[in-house]
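S.K.: Can you read through this structure? Questions will come right after.
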Amino acid sequence: MKRRQALKISSIGAISLSASISSSCSKNVYFFHHGVASGDPLNDRVILWTRVTPQQAGPIEVMLEVSENKNFSSIIFSKKLQTSSLSDYTIKYDFLAKQYCDSDRGFFYRFRAGNAISEIGKSKTFSENTIAAKIGIFSCSNFPAGYFNAYQAAAEKNDLDLWLHLGDYLYEYPMGGYATDKAEKLKRVPEPLHEMVTLSDYRLRHAQYKKDQGSKALHKQAPLIAVWDDHEFSNDAWKHGAENHSEDGSEGDFYARRSAAIKAYYEWMPIREQQNKRRIFREFKIGKLIHLIMLDTRQFGRDKQIQPKDYLTKSGFNQAKFYNDLNSDNRKLLGTEQLDWIESKIINSSAVWTFFGQQVLMAKLKFPDVSKMLKSKEIPSFLKPYLKFLGLGIPSNLDAWDGYPAERDKLYKLMSNAKKGFVSLAGDTHNSWVSELKDKSGIKVGVELGAPSVTSPGITDILNLDEKKFVESIVKINNELQWMDPSNRGYLSLNCMEDKIIASFNYIKELEEINSEISSSKSFTLHREGLKLEEIKA
């Protein structure tokens, strides 16, 4: 049916003007199973997103509606949008909100297709006069590992202006893989059952995650700024491959897999796309209060991770070669293009606070000998290969910035030259961290807040440790580390003001049933003057 024919029929009352039009002559039926979302807010615009599920395949027309009132008594903006299987029936629209309302005060949006109406979402932009903001920080949300109660808790609290997801928004593993041991019991078996490799696989997994009750609740509550880490692709990804991508060709070409992952990510996330689809690093300004720089430490410029096992010889561990390779000035994590981009953005910023939203820990970190802290005498089989490295004093995680020390020094020097102290926001580890970051001379350059996971297992979920002994030991042997928590899941919230930030780690009570209760929290004050940290006693 041609468009003008449909409009002619609608004028005599046979079809409503707001009805969707498909290429099929038969009437289609639509559903909004995956909720709504908004993201990448600027001072004047924000991305609005949804996904339509049609009963019959074919192009679909969807109506976007925006109102300043939740009951939509007055609609200030409406627009017909098109989607199809080419974008997996997702819809993204970059809404110029400031042109239609006082968008920094917030507004509501929804989508229509046929007789179906989506949930109502709430979003906003940030004016140049913003002097306070509440931001949620999330990472590592593994669907089969438990319910997304951290999302639900933040949504119910309803006090976030914005939330960040620092990566591992979803996981690539098959049923029977990492953190799936309780999946059947929880009715959270991954879709598809096999590992994500193709575009269809990544789309199915994104769709499953978006159906989660907690996910839908938070996505509709506030705009999101997200960046990917490795599991949106494959474990321990770098620019030319990944630890969890087969080298025998059984999983196909890595670049094809990466392209499929990126296409699905842009379809299913409320994110503004750039010309180079691999370039996800970008900046946001929350008034003159915060300059947020979202980095890609994962796949844009990263060289392959160093593996300590490769330095084992018949005569022992070759420390000289290990440290020579580790400290090489040629090892890249961000890459020259991204470092140059950071420098250009920093120079032009006069914000009170500078945040780096990124994936992996910047802090220098070594683990104590955890084999001496196990409650059981039986050493887990997966830990045995690493025992030989525990006494060598090498960094504990070479997938983090510790694996790229020269690149970290370059960033620290860049920030020092610009006279910019900064706050690093990190995900990836599944545990909570508070650290004071120092350069090679021992001068403080910033503070790092490492967010806990939403569901992914932490250290004490994997190892039966004496938790108190472990925490005391790891803080003692790492002079940058001020505090950490290895056992709780949840999210980090930042109450940002001009003179200080209140950083609160909010821990959920339950993972294995739907329960949004916060069981405990831990808070710190970060003072602007000197980036001084102060623990808030309960």
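Starting from 1 in every chain, residues are counted up; chains themselves are A, B, ... following the order of the structure tokens, and ligands are numbered from 1 as listed.
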So which residues touch region 40-57 of chain A within 6 Å, counting only C-alpha atoms, skipping near sequence neighbours fewer than 4 positions away, as JSON, numbers by chain?

M.R.: {"A": [29, 30, 31, 32, 36, 89, 90, 91, 92, 93, 94, 95, 96, 97, 98, 125, 126, 127, 225, 270, 271]}

S.K.: Would you list the contacts of Cys496 (chain A) as an MDAnalysis selection string, taking every protein, DNA or RNA residue within 12 Å and counting only C-alpha atoms, but skipping same-chain residues closer than 3 positions in sequence?

M.R.: chainID A and resid 130:136 160:162 286:291 352:355 423 493 499:504 525:528

S.K.: What are the closest atom pairs, with distances in Å to one decimal, for all residues of region 155-194 of chain A lying within 6 Å of region 200-224 of chain A? Consider only C-alpha atoms, order rows by chain and residue number, and present the result as CSV.

M.R.:
residue,atom,partner,partner_atom,distance
A:Ala155,CA,A:Leu218,CA,4.7
A:Leu162,CA,A:Pro223,CA,5.3
A:Trp163,CA,A:Leu224,CA,5.0
A:Leu164,CA,A:Leu224,CA,5.7
A:Glu191,CA,A:Arg205,CA,5.5

S.K.: Include C-alpha atoms and write out the residues we just selected as a PDB file, in the first residue's frame.

M.R.:
ATOM      1  CA  ALA A 155      15.247   3.510  39.598  1.00  0.00           C
ATOM      2  CA  LEU A 162      22.187  10.738  34.757  1.00  0.00           C
ATOM      3  CA  TRP A 163      23.745   7.282  34.857  1.00  0.00           C
ATOM      4  CA  LEU A 164      26.916   5.887  33.363  1.00  0.00           C
ATOM      5  CA  GLU A 191      19.843 -16.312  24.630  1.00  0.00           C
TER       6      GLU A 191
END

S.K.: Considering only C-alpha atoms, state which residue in the set A:Asn488, A:Ser521, A:Asn129, A:Ser416 is at the smallest distance from Ile536 (chain A).

M.R.: A:Ser521

S.K.: Write out as a ChimeraX atom specification the residues lying within 6 Å of Pro144 (chain A), counting only C-alpha atoms and excluding same-chain residues fewer than 2 positions away.

M.R.: /A:142,146,180,183,188-189

S.K.: Could the residues in this selection be saved with N, CA, C and O atoms as a CSV table (one decimal), in the first residue's frame?

M.R.:
chain,number,residue,atom,x,y,z
A,142,ASN,N,25.8,-9.0,34.4
A,142,ASN,CA,25.8,-10.3,33.7
A,142,ASN,C,24.4,-11.0,34.0
A,142,ASN,O,24.1,-11.3,35.1
A,146,GLY,N,22.5,-13.2,38.0
A,146,GLY,CA,21.5,-12.8,39.0
A,146,GLY,C,20.6,-11.7,38.4
A,146,GLY,O,20.8,-11.2,37.3
A,180,THR,N,27.2,-18.9,34.7
A,180,THR,CA,25.9,-19.4,34.3
A,180,THR,C,25.4,-20.6,35.2
A,180,THR,O,24.4,-21.2,34.9
A,183,ALA,N,21.9,-20.2,36.3
A,183,ALA,CA,21.0,-19.6,35.3
A,183,ALA,C,19.7,-20.3,35.2
A,183,ALA,O,18.6,-19.7,35.1
A,188,ARG,N,17.3,-17.5,34.0
A,188,ARG,CA,18.0,-16.5,33.3
A,188,ARG,C,19.1,-17.2,32.4
A,188,ARG,O,20.2,-16.8,32.4
A,189,VAL,N,18.6,-18.2,31.7
A,189,VAL,CA,19.4,-18.9,30.7
A,189,VAL,C,19.7,-17.9,29.5
A,189,VAL,O,18.8,-17.3,29.0

S.K.: Identify, on the basis of only C-alpha atoms, every residue whose closest approach to region 364-374 of chain A does not exceed 10 Å; exclude the query and any residue fewer than 3 positions from it along the same chain; express the result as an NGL selection string.

M.R.: :A and (361 or 377-380 or 383-384 or 387 or 389-391 or 393-398 or 400-403 or 405 or 435-438 or 460 or 463-481)

S.K.: Grab the residues selected above and save them as a CSV table (one decimal), in the first residue's frame with N, CA and C atoms.

M.R.:
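The new file result.csv reads:
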chain,number,residue,atom,x,y,z
A,361,LEU,N,40.9,-0.3,35.8
A,361,LEU,CA,41.5,0.5,36.9
A,361,LEU,C,42.8,1.1,36.5
A,377,LYS,N,41.8,-25.5,52.8
A,377,LYS,CA,43.1,-25.9,52.4
A,377,LYS,C,43.3,-26.3,50.9
A,378,GLU,N,42.1,-26.6,50.4
A,378,GLU,CA,42.1,-27.0,49.0
A,378,GLU,C,42.2,-25.8,48.1
A,379,ILE,N,43.3,-25.7,47.3
A,379,ILE,CA,43.4,-24.6,46.4
A,379,ILE,C,42.7,-24.8,45.1
A,380,PRO,N,41.8,-23.9,44.7
A,380,PRO,CA,41.0,-24.1,43.4
A,380,PRO,C,41.9,-24.3,42.2
A,383,LEU,N,43.3,-21.5,40.1
A,383,LEU,CA,44.3,-20.6,40.8
A,383,LEU,C,45.7,-21.2,40.7
A,384,LYS,N,45.8,-22.5,40.6
A,384,LYS,CA,47.1,-23.2,40.7
A,384,LYS,C,48.2,-22.7,39.7
A,387,LEU,N,50.0,-19.5,41.0
A,387,LEU,CA,50.7,-19.5,42.3
A,387,LEU,C,52.2,-19.1,42.1
A,389,PHE,N,53.4,-17.0,40.3
A,389,PHE,CA,53.7,-15.6,40.1
A,389,PHE,C,53.4,-14.7,41.4
A,390,LEU,N,52.7,-15.3,42.4
A,390,LEU,CA,52.3,-14.6,43.5
A,390,LEU,C,53.4,-13.9,44.3
A,391,GLY,N,54.6,-14.6,44.4
A,391,GLY,CA,55.7,-14.0,45.2
A,391,GLY,C,56.6,-13.1,44.4
A,393,GLY,N,55.8,-10.1,43.0
A,393,GLY,CA,55.5,-8.7,43.1
A,393,GLY,C,55.1,-8.0,41.8
A,394,ILE,N,54.6,-8.8,40.9
A,394,ILE,CA,54.3,-8.1,39.6
A,394,ILE,C,52.8,-7.6,39.7
A,395,PRO,N,52.4,-6.7,38.9
A,395,PRO,CA,51.0,-6.2,39.0
A,395,PRO,C,50.0,-7.3,38.8
A,396,SER,N,48.9,-7.1,39.5
A,396,SER,CA,47.9,-8.2,39.6
A,396,SER,C,47.0,-8.3,38.3
A,397,ASN,N,46.9,-7.2,37.6
A,397,ASN,CA,45.9,-7.3,36.5
A,397,ASN,C,46.6,-6.5,35.3
A,398,LEU,N,47.1,-7.3,34.4
A,398,LEU,CA,47.8,-6.7,33.2
A,398,LEU,C,46.9,-6.4,32.1
A,400,ALA,N,44.5,-4.2,32.9
A,400,ALA,CA,44.2,-2.9,33.3
A,400,ALA,C,45.4,-1.9,33.0
A,401,TRP,N,45.3,-0.7,33.5
A,401,TRP,CA,46.4,0.3,33.1
A,401,TRP,C,47.7,-0.2,33.6
A,402,ASP,N,47.8,-1.1,34.6
A,402,ASP,CA,49.0,-1.6,35.1
A,402,ASP,C,49.8,-2.4,34.0
A,403,GLY,N,49.1,-2.8,33.0
A,403,GLY,CA,49.7,-3.5,31.9
A,403,GLY,C,50.2,-2.6,30.8
A,405,PRO,N,52.0,0.8,31.6
A,405,PRO,CA,52.4,1.9,32.5
A,405,PRO,C,52.9,3.1,31.7
A,435,SER,N,40.9,5.0,45.5
A,435,SER,CA,42.4,5.1,45.4
A,435,SER,C,42.8,6.6,45.1
A,436,GLU,N,44.0,7.0,45.6
A,436,GLU,CA,44.6,8.2,45.2
A,436,GLU,C,45.7,7.9,44.2
A,437,LEU,N,45.5,8.5,43.0
A,437,LEU,CA,46.4,8.2,41.9
A,437,LEU,C,47.6,9.1,42.0
A,438,LYS,N,48.8,8.5,41.8
A,438,LYS,CA,50.1,9.2,41.9
A,438,LYS,C,50.9,9.0,40.7
A,460,THR,N,35.4,-12.7,46.4
A,460,THR,CA,35.0,-13.6,47.4
A,460,THR,C,33.9,-14.6,46.9
A,463,LEU,N,36.7,-17.1,45.3
A,463,LEU,CA,37.7,-17.7,46.3
A,463,LEU,C,37.1,-17.6,47.7
A,464,ASN,N,37.2,-18.7,48.4
A,464,ASN,CA,36.7,-18.8,49.8
A,464,ASN,C,37.7,-18.1,50.7
A,465,LEU,N,37.8,-16.8,50.7
A,465,LEU,CA,38.8,-16.1,51.4
A,465,LEU,C,38.4,-15.6,52.8
A,466,ASP,N,39.4,-15.4,53.6
A,466,ASP,CA,39.2,-14.6,54.8
A,466,ASP,C,39.1,-13.2,54.4
A,467,GLU,N,37.9,-12.7,54.3
A,467,GLU,CA,37.7,-11.3,53.7
A,467,GLU,C,38.5,-10.2,54.4
A,468,LYS,N,38.4,-10.2,55.7
A,468,LYS,CA,39.0,-9.2,56.6
A,468,LYS,C,40.5,-9.2,56.4
A,469,LYS,N,41.1,-10.4,56.4
A,469,LYS,CA,42.5,-10.5,56.2
A,469,LYS,C,42.9,-10.0,54.8
A,470,PHE,N,42.1,-10.4,53.8
A,470,PHE,CA,42.5,-10.0,52.4
A,470,PHE,C,42.4,-8.5,52.3
A,471,VAL,N,41.4,-7.8,52.7
A,471,VAL,CA,41.2,-6.4,52.6
A,471,VAL,C,42.4,-5.6,53.3
A,472,GLU,N,42.6,-6.0,54.5
A,472,GLU,CA,43.7,-5.4,55.3
A,472,GLU,C,45.0,-5.5,54.6
A,473,SER,N,45.3,-6.7,54.0
A,473,SER,CA,46.6,-7.0,53.4
A,473,SER,C,46.7,-6.2,52.1
A,474,ILE,N,45.7,-6.2,51.2
A,474,ILE,CA,45.8,-5.5,49.9
A,474,ILE,C,45.9,-4.0,50.1
A,475,VAL,N,45.2,-3.4,51.1
A,475,VAL,CA,45.3,-2.0,51.3
A,475,VAL,C,46.7,-1.7,51.8
A,476,LYS,N,47.3,-2.5,52.7
A,476,LYS,CA,48.6,-2.3,53.3
A,476,LYS,C,49.7,-2.3,52.2
A,477,ILE,N,49.6,-3.2,51.3
A,477,ILE,CA,50.7,-3.3,50.3
A,477,ILE,C,50.6,-2.4,49.1
A,478,ASN,N,49.5,-1.7,49.0
A,478,ASN,CA,49.3,-0.7,47.9
A,478,ASN,C,49.1,0.7,48.4
A,479,ASN,N,50.1,1.5,48.2
A,479,ASN,CA,50.0,2.8,48.8
A,479,ASN,C,49.0,3.8,48.2
A,480,GLU,N,48.6,3.5,47.0
A,480,GLU,CA,47.5,4.3,46.3
A,480,GLU,C,46.1,3.9,46.8
A,481,LEU,N,46.0,2.7,47.2
A,481,LEU,CA,44.6,2.1,47.6
A,481,LEU,C,44.3,2.6,49.0

S.K.: Which residues come within 7 Å of Ser456 (chain A), counting only C-alpha atoms, excluding same-chain residues fewer than 5 positions away, as a PyMOL selection string?

M.R.: chain A and resi 140-142+145+430

S.K.: Between A:Ile306, A:Ala179, A:Lys532, A:Val197, single out the one closest to Gly458 (chain A), counting only C-alpha atoms.

M.R.: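 Under the stated criterion, the closest residue is A:Ala179.
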
S.K.: Quick one: residues within 6 Å of Arg110 (chain A), only C-alpha atoms, excluding same-chain residues fewer than 4 positions away - as a ChimeraX atom specification?

M.R.: /A:65,118,120

S.K.: Generate a file of the selected residues that holds C-alpha atoms, formatted as a PDB file, in the first residue's frame.

M.R.:
ATOM      1  CA  GLU A  65       5.636  11.868  21.210  1.00  0.00           C
ATOM      2  CA  SER A 118       5.355   2.109  24.810  1.00  0.00           C
ATOM      3  CA  ILE A 120       6.713   6.450  29.271  1.00  0.00           C
TER       4      ILE A 120
END

S.K.: Mind pulling up the distance from CA of Leu511 (chain A) to CA of Phe148 (chain A)?

M.R.: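 Rounded to one decimal, the two atoms are 7.5 Å apart.
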